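**Student:** Below is the structure I would like to discuss, written out as structure tokens.
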Amino acid sequence: MSWQFLLTFSHIIGTVLGVGGATFAEFFYLKALKDGHVDPEEGDFLKATYRVLRIGMALLILSGFGFFVLYRIGGRTELLYDPRFLAKLTLTAIIFFNALLLQIKKMPLWLGSALSFTSWYGALMLGAWRGIDASYFTILASYAGAVLMVAFVLHIIRKIYLKPIPPASS
Amino acid sequence: MSTLFKTLLAIHVIFGVVGVIACAGVWMNMLKQKLPVRFLKWSSAIGLVSFIASWVIGGYYYAIYYGKAVKPIIQKGQYPWGHSVFMEAKEHLFLFLPFLSAAMLVALLLAGEHLEAEAPLKKALTWLVGTIVVLGAIMALSGIIISGAVR
């Protein structure tokens, strides 16, 4: 088994856990808020989801730096200045600092969930879209636009899903 | 690059990243109301050991190999600031991390059980750990920039 295979495999697993975790975190949170409060069982689900997200992130970072070592040792250092690689690093930093700010409640929830959701899907997209021909700033500008769009869509979903059900008329 | 230096470079990066992740774990958990003290102590110990290992191995690589074989390539290449800005900064930041993380571990070992009750100490320690994580992340990113300039 080559290092390249091992790193790609860990990177994919990390991304899958992160993207899946971000999706389920949003889903469970929405479901938990349906009745107006997060009960203990729902809290446990959310905690487990956040743990999966953190494991995904640690795997992603470790395998990402593994690729860095592989490129450096293999003499493919030009890949380290590839806009796609630098954009992925930026998204990873955003995911980390967003989680930190959410933890100390310094990040509004609407923006925090949009950032988490978009960053994880953005990292997945950058990983999958190998032939992308865009500069670092184009990628980040598209990402910023996507964050706003996702925030708007999540807002609409919350509004529809959390709408109080009118009492049945007799 | 010989197999020895390839291995040293890989181990230096791995220990450095593990150190930053361990300290980031301490930072995230220091922000909680109820502190998992046992986790904080273990994670900070892993952080300190990793930083020391990365420090020694990276220092050896730098002293024996980098100056002779890598630095001239960067200086003659397209991105000389890879060395003049980032490696120069890294050389100095490099000195801080093991000492800061030793202070973190000692504080947690001595006062870990009382941190929840002593808000000013908890706040100061949270700032210390945050500084370690940010410096560690800057070191890691500088490493990528320096390596990218080797061509």
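Chain labels follow the order of the structure tokens: the first chain is A, the next B, and so on; residue numbering restarts at 1 in every chain, and ligands are counted from 1 in their shown order.
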As a ChimeraX atom specification, please: the residues near Thr8 of chain A (cut-off 12 Å, only C-alpha atoms, same-chain neighbours under 2 positions excluded).
**Tutor:** /A:1-6,10-15,59-60,62-67,70,127-128
**Student:** For segment 27-30 of chain B, list every protein, DNA or RNA residue within 9 Å, evaluated using only C-alpha atoms, and leave out those in the same chain fewer than 6 positions away; present the list as a list of chain:residue names.
**Tutor:**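 Once the nearby chain positions are removed, what remains is A:Ala99, A:Leu100, A:Gln103, B:Pro36, B:Phe39, B:Leu40, B:Lys122, B:Lys123, B:Leu125, B:Thr126, B:Trp127, B:Val129, B:Gly130, B:Val133.
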**Student:** Please save C-alpha atoms of the selected residues as a short mmCIF file (atom, residue, chain, number, x, y, z; two decimals), in the first residue's frame.
**Tutor:**
data_model
loop_
_atom_site.label_atom_id
_atom_site.label_comp_id
_atom_site.auth_asym_id
_atom_site.auth_seq_id
_atom_site.Cartn_x
_atom_site.Cartn_y
_atom_site.Cartn_z
CA ALA A 99 -16.08 26.12 15.77
CA LEU A 100 -14.08 28.04 18.35
CA GLN A 103 -18.13 27.48 21.39
CA PRO B 36 -12.49 17.84 31.49
CA PHE B 39 -8.24 15.31 29.12
CA LEU B 40 -6.66 18.77 29.42
CA LYS B 122 -8.68 30.08 33.66
CA LYS B 123 -8.89 33.15 31.44
CA LEU B 125 -4.46 30.02 30.72
CA THR B 126 -7.01 30.08 27.87
CA TRP B 127 -5.11 33.04 26.35
CA VAL B 129 -3.16 28.08 25.00
CA GLY B 130 -4.73 30.24 22.28
CA VAL B 133 -2.27 27.28 18.84
#
**Student:** Kindly determine which residues of chain B lie within 8 Å of chain A, considering only C-alpha atoms, and give the answer as number ranges by chain.
**Tutor:** B: 1, 6, 9-10, 13-14, 17-18, 21, 28, 31-32, 144-145, 147-151
**Student:** Under the rule that only C-alpha atoms are counted, which of B:Lys76, B:His92, B:His114, B:His12 is the nearest residue to Phe51 of chain B?
**Tutor:**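 Checking each of B:Lys76, B:His92, B:His114, B:His12 against Phe51 of chain B, counting only C-alpha atoms, the winner is B:His12.
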**Student:** Need the shell around segment 151-156 of chain A: protein/DNA/RNA residues with any atom at most 12 Å away, counting only C-alpha atoms. Skip same-chain ones fewer than 5 positions apart. Format as a PyMOL selection string?
**Tutor:** chain A and resi 23+26-27+29-30+108-118+144-146+161-163
**Student:** Between atom CA of Met139 of chain B and atom CA of Gly16 of chain B, what is the distance in Å, rounded to a tenth?
**Tutor:**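 Computing it gives 8.6 Å between the two atoms.
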**Student:** Would you pick out the contacts of Leu46 of chain A at 12 Å or less, using only C-alpha atoms, so that residues sharing its chain but fewer than 2 positions from it are not included, and give the list as a ChimeraX atom specification?
**Tutor:** /A:21-33,38-44,48-53
**Student:** Let me make sure I understand: among B:Ala140, B:Val26, B:Leu93, B:Val37, which one has the smallest atom-to-atom distance to Ala111 of chain B if we use only C-alpha atoms?
**Tutor:** B:Val37
**Student:** Enumerate as a PyMOL selection string all residues of segment 17-164 of chain A assigned to helix (DSSP H, G or I) by DSSP on the backbone, naming them with the chain letters and numbers the document uses.
**Tutor:** chain A and resi 17-33+40-73+77-81+83-103+109-128+136-161
**Student:** Those same residues, written as a short mmCIF file (atom, residue, chain, number, x, y, z; two decimals), in the first residue's frame with C-alpha atoms?
**Tutor:**
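See again.cif below for the written result:
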data_model
loop_
_atom_site.label_atom_id
_atom_site.label_comp_id
_atom_site.auth_asym_id
_atom_site.auth_seq_id
_atom_site.Cartn_x
_atom_site.Cartn_y
_atom_site.Cartn_z
CA LEU A 17 -17.04 12.48 8.31
CA GLY A 18 -16.83 16.28 8.18
CA VAL A 19 -19.40 16.79 5.42
CA GLY A 20 -21.71 14.15 6.90
CA GLY A 21 -21.23 15.60 10.38
CA ALA A 22 -21.97 19.16 9.23
CA THR A 23 -25.12 17.97 7.43
CA PHE A 24 -26.40 15.93 10.38
CA ALA A 25 -25.50 18.67 12.88
CA GLU A 26 -27.78 21.05 10.98
CA PHE A 27 -30.49 18.40 10.58
CA PHE A 28 -30.48 17.34 14.27
CA TYR A 29 -30.39 20.94 15.45
CA LEU A 30 -33.38 21.82 13.32
CA LYS A 31 -35.26 18.74 14.52
CA ALA A 32 -34.36 19.49 18.15
CA LEU A 33 -35.67 23.05 17.88
CA PRO A 40 -31.22 15.39 26.75
CA GLU A 41 -31.59 12.71 24.06
CA GLU A 42 -31.38 15.31 21.29
CA GLY A 43 -28.40 16.89 23.09
CA ASP A 44 -26.64 13.49 23.06
CA PHE A 45 -27.21 13.15 19.32
CA LEU A 46 -25.78 16.63 18.76
CA LYS A 47 -22.73 15.91 20.96
CA ALA A 48 -22.04 12.67 19.06
CA THR A 49 -22.34 14.54 15.75
CA TYR A 50 -19.91 17.24 16.88
CA ARG A 51 -17.46 14.52 17.99
CA VAL A 52 -17.63 12.94 14.52
CA LEU A 53 -17.04 16.39 13.00
CA ARG A 54 -13.92 16.90 15.14
CA ILE A 55 -12.56 13.46 14.23
CA GLY A 56 -13.16 14.28 10.56
CA MET A 57 -11.34 17.56 10.94
CA ALA A 58 -8.33 15.99 12.69
CA LEU A 59 -8.10 13.34 9.94
CA LEU A 60 -8.39 16.00 7.25
CA ILE A 61 -5.63 18.13 8.78
CA LEU A 62 -3.27 15.20 9.40
CA SER A 63 -3.73 13.74 5.92
CA GLY A 64 -3.50 17.23 4.39
CA PHE A 65 -0.11 17.76 6.02
CA GLY A 66 0.79 14.23 4.92
CA PHE A 67 0.23 15.38 1.32
CA PHE A 68 2.40 18.42 2.03
CA VAL A 69 5.27 16.15 3.16
CA LEU A 70 4.75 13.89 0.15
CA TYR A 71 4.88 16.83 -2.29
CA ARG A 72 7.99 18.28 -0.59
CA ILE A 73 9.87 14.99 -0.49
CA THR A 77 6.69 21.68 -4.51
CA GLU A 78 4.83 23.71 -7.17
CA LEU A 79 1.63 22.00 -5.92
CA LEU A 80 2.05 23.80 -2.57
CA TYR A 81 1.30 27.13 -4.25
CA PRO A 83 -4.71 27.96 -5.54
CA ARG A 84 -6.88 24.88 -4.89
CA PHE A 85 -4.51 23.67 -2.13
CA LEU A 86 -4.24 27.14 -0.56
CA ALA A 87 -8.03 27.60 -0.70
CA LYS A 88 -8.53 24.24 1.04
CA LEU A 89 -6.11 25.31 3.78
CA THR A 90 -8.05 28.55 4.20
CA LEU A 91 -11.37 26.70 4.46
CA THR A 92 -9.89 24.37 7.09
CA ALA A 93 -8.75 27.38 9.14
CA ILE A 94 -12.24 28.90 8.80
CA ILE A 95 -13.85 25.63 10.00
CA PHE A 96 -11.59 25.60 13.08
CA PHE A 97 -12.02 29.25 14.07
CA ASN A 98 -15.76 29.08 13.38
CA ALA A 99 -16.08 26.12 15.77
CA LEU A 100 -14.08 28.04 18.35
CA LEU A 101 -16.19 31.18 18.05
CA LEU A 102 -19.41 29.13 18.19
CA GLN A 103 -18.13 27.48 21.39
CA LEU A 109 -25.70 30.88 14.92
CA TRP A 110 -27.10 31.73 11.46
CA LEU A 111 -23.65 32.67 10.21
CA GLY A 112 -21.83 29.91 12.10
CA SER A 113 -23.94 27.11 10.64
CA ALA A 114 -23.72 28.62 7.14
CA LEU A 115 -19.93 28.89 7.46
CA SER A 116 -19.56 25.32 8.72
CA PHE A 117 -21.89 23.89 6.07
CA THR A 118 -20.36 25.83 3.16
CA SER A 119 -16.75 25.30 4.28
CA TRP A 120 -17.11 21.53 4.54
CA TYR A 121 -18.93 21.24 1.19
CA GLY A 122 -16.45 23.73 -0.30
CA ALA A 123 -13.50 21.59 0.83
CA LEU A 124 -15.20 18.53 -0.67
CA MET A 125 -15.80 20.36 -3.93
CA LEU A 126 -12.22 21.63 -4.16
CA GLY A 127 -10.97 18.12 -3.51
CA ALA A 128 -13.16 16.60 -6.19
CA TYR A 136 -7.11 31.83 -5.04
CA PHE A 137 -9.14 35.07 -4.81
CA THR A 138 -11.74 33.87 -7.32
CA ILE A 139 -12.22 30.71 -5.29
CA LEU A 140 -12.57 32.66 -2.04
CA ALA A 141 -14.93 35.22 -3.59
CA SER A 142 -17.13 32.35 -4.85
CA TYR A 143 -16.96 30.83 -1.38
CA ALA A 144 -18.06 34.11 0.26
CA GLY A 145 -21.02 34.28 -2.16
CA ALA A 146 -21.88 30.66 -1.38
CA VAL A 147 -21.84 31.36 2.39
CA LEU A 148 -24.43 34.12 1.95
CA MET A 149 -26.55 31.93 -0.30
CA VAL A 150 -26.43 28.98 2.13
CA ALA A 151 -27.28 31.31 5.05
CA PHE A 152 -30.34 32.52 3.13
CA VAL A 153 -31.46 28.97 2.20
CA LEU A 154 -30.99 27.72 5.79
CA HIS A 155 -32.99 30.72 7.02
CA ILE A 156 -35.86 29.85 4.67
CA ILE A 157 -35.73 26.16 5.69
CA ARG A 158 -35.81 27.11 9.39
CA LYS A 159 -38.70 29.48 8.80
CA ILE A 160 -40.76 26.84 7.00
CA TYR A 161 -39.85 23.92 9.26
#
**Student:** How far is it from atom CA of Gly36 of chain A to atom CA of Lys105 of chain A, in Å with one decimal?
**Tutor:**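 Those two atoms sit 19.3 Å apart.
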**Student:** Could you tell me how far atom CA of Ala22 of chain B lies from atom CA of Ser43 of chain B, in Å and to one decimal?
**Tutor:**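 Separating atom CA of Ala22 of chain B from atom CA of Ser43 of chain B is a distance of 5.3 Å.
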**Student:** Can you pull out every residue within 10 Å of Ile73 of chain B, counting only C-alpha atoms, but drop anything in the same chain fewer than 4 positions away, and send it as a list in words?
**Tutor:**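 Everything that qualifies: Tyr66, Gly67, Lys68, Ala69, Gly77, Gln78, Tyr79, Pro80, His83, Ala149, Val150 and Arg151 of chain B.
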